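A.B. asks: Have a peek at upload_17.txt (compact mmCIF, C-alpha atoms).
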# COMPACT_ATOMS: atom_id res chain seq x y z
CA MET A 1 -28.15 -6.40 13.21
CA ARG A 2 -25.21 -5.00 11.21
CA ILE A 3 -23.68 -3.52 14.37
CA LEU A 4 -23.95 -6.87 16.14
CA ALA A 5 -22.18 -8.57 13.23
CA MET A 6 -19.39 -5.98 13.34
CA VAL A 7 -19.01 -6.43 17.11
CA ALA A 8 -18.77 -10.20 16.63
CA VAL A 9 -16.05 -9.78 13.99
CA LEU A 10 -14.10 -7.37 16.19
CA ALA A 11 -14.37 -9.74 19.15
CA ALA A 12 -13.12 -12.62 17.01
CA LEU A 13 -10.18 -10.53 15.80
CA GLY A 14 -9.32 -9.60 19.36
CA ALA A 15 -9.20 -13.27 20.31
CA CYS A 16 -6.86 -14.13 17.42
CA ASN A 17 -3.13 -14.53 17.79
CA THR A 18 -1.74 -11.02 17.32
CA ALA A 19 1.76 -11.99 16.24
CA GLU A 20 2.95 -9.71 13.49
CA ALA A 21 3.15 -10.92 9.94
CA PRO A 22 6.65 -10.77 8.43
CA GLY A 23 7.48 -7.41 6.93
CA ASN A 24 5.26 -5.24 9.10
CA GLU A 25 8.42 -3.40 10.19
CA GLN A 26 7.74 -3.32 13.90
CA ASP A 27 9.71 -0.82 15.95
CA ASN A 28 8.97 -0.88 19.67
CA GLY A 29 5.51 -2.30 18.97
CA THR A 30 4.54 0.18 16.27
CA VAL A 31 4.16 -0.16 12.52
CA VAL A 32 6.60 2.19 10.80
CA LEU A 33 4.35 3.93 8.27
CA ARG A 34 7.18 5.96 6.73
CA ASN A 35 8.93 2.79 5.52
CA LEU A 36 5.94 0.55 4.85
CA VAL A 37 6.55 0.59 1.07
CA GLU A 38 10.02 -0.85 1.70
CA THR A 39 8.65 -3.98 3.38
CA ASP A 40 7.19 -7.18 1.98
CA VAL A 41 3.76 -5.84 2.98
CA ALA A 42 3.94 -3.48 0.00
CA GLY A 43 3.30 -4.43 -3.58
CA GLN A 44 3.83 -3.30 -7.11
CA ALA A 45 1.69 -0.26 -7.90
CA PRO A 46 -0.91 -1.03 -10.57
CA SER A 47 -0.67 1.02 -13.75
CA ASP A 48 -4.04 2.62 -13.01
CA LEU A 49 -5.20 3.00 -9.43
CA ARG A 50 -9.00 2.87 -9.46
CA VAL A 51 -9.38 4.58 -6.09
CA LYS A 52 -7.53 7.87 -6.44
CA GLY A 53 -7.95 9.25 -2.92
CA THR A 54 -7.14 12.71 -1.63
CA ARG A 55 -3.50 13.68 -1.19
CA ILE A 56 -2.45 14.16 2.44
CA PRO A 57 0.12 16.92 2.92
CA THR A 58 3.13 15.31 4.64
CA PRO A 59 6.04 17.76 4.80
CA SER A 60 7.88 15.37 7.13
CA ASP A 61 8.07 12.72 4.36
CA THR A 62 8.65 14.17 0.91
CA ALA A 63 9.91 10.83 -0.48
CA SER A 64 6.41 9.29 -0.39
CA ARG A 65 2.94 10.39 -1.36
CA TYR A 66 0.06 9.57 1.00
CA PHE A 67 -3.61 9.47 0.04
CA LEU A 68 -6.71 9.30 2.21
CA LEU A 69 -9.04 6.80 0.58
CA ARG A 70 -11.78 6.60 3.18
CA GLU A 71 -12.60 7.77 6.68
CA ARG A 72 -15.50 6.90 8.95
CA LYS A 73 -16.45 7.72 12.50
CA THR A 74 -16.91 4.82 14.93
CA VAL A 75 -19.58 4.56 17.63
CA THR A 76 -16.91 5.54 20.19
CA GLY A 77 -16.09 8.73 18.26
CA THR A 78 -12.71 7.70 16.87
CA ILE A 79 -12.02 7.83 13.13
CA ILE A 80 -11.00 4.80 11.06
CA ALA A 81 -9.06 5.83 7.94
CA ILE A 82 -7.65 3.92 4.98
CA ILE A 83 -4.39 5.49 3.78
CA ARG A 84 -2.30 4.57 0.74
CA GLN A 85 1.45 5.23 0.59
CA GLU A 86 3.11 5.48 -2.82
CA ARG A 87 6.83 5.64 -3.49
CA GLY A 88 8.26 4.91 -6.91
CA ASP A 89 6.58 1.79 -8.27
CA ARG A 90 5.61 0.51 -4.79
CA VAL A 91 2.36 0.92 -2.90
CA ALA A 92 1.20 0.00 0.61
CA TYR A 93 -2.03 0.55 2.50
CA ALA A 94 -2.69 1.17 6.20
CA ARG A 95 -5.95 1.07 8.16
CA THR A 96 -5.56 3.51 11.03
CA GLU A 97 -7.57 4.77 13.98
CA VAL A 98 -7.43 8.35 15.26
CA ASP A 99 -8.84 9.91 18.42
CA CYS A 100 -8.99 13.57 17.40
CA GLY A 101 -9.91 14.96 20.82
CA LYS A 102 -7.05 13.19 22.61
CA ARG A 103 -4.46 13.41 19.77
CA LEU A 104 -4.03 9.62 19.63
CA PHE A 105 -3.25 7.36 16.65
CA HIS A 106 -2.49 3.72 15.86
CA VAL A 107 -2.41 1.23 12.99
CA LEU A 108 -5.03 -1.51 12.76
CA GLY A 109 -3.95 -3.22 9.53
CA VAL A 110 -1.55 -3.07 6.61
CA GLY A 111 -1.49 -4.60 3.14
CA ASP A 112 -0.45 -4.38 -0.47
CA ARG A 113 -4.03 -3.89 -1.68
CA ARG A 114 -7.07 -2.00 -0.46
CA ASP A 115 -9.14 -5.15 0.07
CA ARG A 116 -6.37 -6.79 2.10
CA VAL A 117 -5.86 -3.85 4.43
CA GLU A 118 -9.55 -3.98 5.35
CA VAL A 119 -9.13 -7.45 6.91
CA ASP A 120 -5.48 -7.44 8.05
CA HIS A 121 -4.76 -7.37 11.76
CA ALA A 122 -1.47 -5.50 12.34
CA HIS A 123 -2.65 -3.80 15.51
CA ASP A 124 0.39 -1.89 16.72
CA GLY A 125 -0.76 -1.45 20.28
CA PRO A 126 -3.18 0.94 21.92
CA LEU A 127 -3.92 4.41 20.67
CA ARG A 128 -0.83 6.49 21.45
CA PRO A 129 -0.01 10.22 21.39
CA VAL A 130 1.17 11.70 18.10
CA ALA A 131 3.49 14.12 19.91
CA GLY A 132 7.03 13.73 18.55
CA LEU A 133 5.81 11.67 15.55
CA PRO A 134 5.47 14.23 12.75
CA LEU A 135 4.15 11.87 10.05
CA ARG A 136 1.47 10.41 12.30
CA GLU A 137 0.53 13.90 13.47
CA GLU A 138 0.20 15.14 9.87
CA MET A 139 -1.98 12.17 8.98
CA ALA A 140 -4.08 12.56 12.13
CA ARG A 141 -4.59 16.28 11.50
CA TYR A 142 -5.73 15.67 7.93
CA VAL A 143 -8.03 12.75 8.79
CA CYS A 144 -9.60 14.67 11.66
CA GLU A 145 -10.19 17.79 9.55
CA ARG A 146 -11.76 15.73 6.76
CA SER A 147 -14.09 14.04 9.24
CA GLY A 148 -15.24 17.39 10.66
CA THR A 149 -13.53 16.91 14.02
CA PRO A 150 -10.32 18.96 14.10
CA LEU A 151 -7.30 17.54 15.88
CA ALA A 152 -7.10 18.98 19.39
CA PRO A 153 -4.29 21.49 19.90
CA ALA A 154 -1.02 20.21 21.39
CA ALA A 155 -0.82 20.69 25.14
Go ahead and render the structure in this file as structure tokens.

C.D. replies:
Amino acid sequence: MRILAMVAVLAALGACNTAEAPGNEQDNGTVVLRNLVETDVAGQAPSDLRVKGTRIPTPSDTASRYFLLRERKTVTGTIIAIIRQERGDRVAYARTEVDCGKRLFHVLGVGDRRDRVEVDHAHDGPLRPVAGLPLREEMARYVCERSGTPLAPAA
């Protein structure tokens, strides 16, 4: 029953208008994760973050800190991950999807709070290769390793 409810919600989201909310920093149809904290999607970081998360090593972006808050495997084998970006006193969240075996990644939602990112619809297009996108590749590698499905080697 729970799966049917989730399928109904996903179908409803797919039928919604997918125009981007202001501040999602679209660049050629993709959400720019590196600069998400600089947009109006981000918010003021609370003095004490209740969900600490696990730090994601991101050598390609030393200005921000990224944390994996949650990852789960879908019925199709992809991984949905909630990631928090922190820079200075700003914070932003992204809900992402990774296909570890095919080295694909995309953003499903963004927000200034964890609860908002869970329901936001900032779908930045289909799953796309991480090749040539170091930050997305670093995130994908970490999420895949944490989920027990290592990121496939680059071709």

A.B. asks: Please measure the separation of atom CA of A:Arg65 and atom CA of A:Asp89, giving the value in Å to one decimal.

C.D. replies: 11.6 Å

A.B. asks: Determine the nearest neighbour of A:Arg114 from the options A:Ile82, A:Ala154, A:Ala140, A:Leu36, counting all atoms listed in the file.

C.D. replies: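 Smallest distance to A:Arg114 is found for A:Ile82.
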
A.B. asks: Atom CA of A:Arg72 to atom CA of A:Val130: how many Å, to one decimal?

C.D. replies: 19.6 Å

A.B. asks: Compare A:Arg103, A:His121, A:Arg113, A:Arg136 by their minimum atom-to-atom distance to A:Pro150, counting only C-alpha atoms, and give me the closest one.

C.D. replies: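 Closest to A:Pro150 of all the choices is A:Arg103.
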
A.B. asks: Considering only C-alpha atoms, can you say which of A:Val41, A:Ala122, A:Cys100, A:Val107 comes closest to A:Ile83?

C.D. replies: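 Looking at the shortest contact to A:Ile83, the residue is A:Val107.
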
A.B. asks: Atom CA of A:Val98 and atom CA of A:Ala81 are how many Å apart?

C.D. replies: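 Atom-to-atom, atom CA of A:Val98 and atom CA of A:Ala81 are spaced 7.9 Å apart.
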
A.B. asks: Determine the nearest neighbour of A:Gly109 from the options A:Pro134, A:Val75, A:Cys144, A:Ile80, counting all atoms listed in the file.

C.D. replies: A:Ile80

A.B. asks: Give me the box for stretch 31-50 of chain A as AutoDock Vina command-line options, namely the centre and edge lengths in Å to one decimal of a box along x, y and z that holds every listed atom plus 5 Å on each side.

C.D. replies:
--center_x 0.5 --center_y -0.6 --center_z -0.6 --size_x 29.0 --size_y 23.1 --size_z 36.3

A.B. asks: For a quick check of understanding, using all atoms listed in the file, which of A:Val143, A:Val91, A:Ala63, A:Ala152 has the smallest distance to A:Asp112?

C.D. replies: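 So, comparing all the options, the nearest one is A:Val91.
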
A.B. asks: Considering all atoms listed in the file, can you say which of A:Thr39, A:Thr78, A:Gln44, A:Gln85 comes closest to A:Leu104?

C.D. replies: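 Nearest candidate to A:Leu104 out of A:Thr39, A:Thr78, A:Gln44, A:Gln85: A:Thr78.
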
A.B. asks: Do you know which residues lie at most 9 Å from (3.9, -1.2, -6.9), with coordinates as in the file and only C-alpha atoms counted, and could you write them as a compact mmCIF listing (two decimals) with C-alpha atoms, in the coordinates of the input?

C.D. replies:
# COMPACT_ATOMS: atom_id res chain seq x y z
CA VAL A 37 6.55 0.59 1.07
CA ALA A 42 3.94 -3.48 0.00
CA GLY A 43 3.30 -4.43 -3.58
CA GLN A 44 3.83 -3.30 -7.11
CA ALA A 45 1.69 -0.26 -7.90
CA PRO A 46 -0.91 -1.03 -10.57
CA SER A 47 -0.67 1.02 -13.75
CA GLU A 86 3.11 5.48 -2.82
CA ARG A 87 6.83 5.64 -3.49
CA GLY A 88 8.26 4.91 -6.91
CA ASP A 89 6.58 1.79 -8.27
CA ARG A 90 5.61 0.51 -4.79
CA VAL A 91 2.36 0.92 -2.90
CA ALA A 92 1.20 0.00 0.61
CA ASP A 112 -0.45 -4.38 -0.47

A.B. asks: Could you give me, as a list in words, the residues within 9 Å of A:Leu127, counting all atoms listed in the file and dropping anything in the same chain fewer than 2 positions from it?

C.D. replies: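 Listing them by chain and then by number gives Glu97, Val98, Asp99, Leu104, Phe105, His106, Val107, Asp124, Gly125 and Pro129 of chain A.
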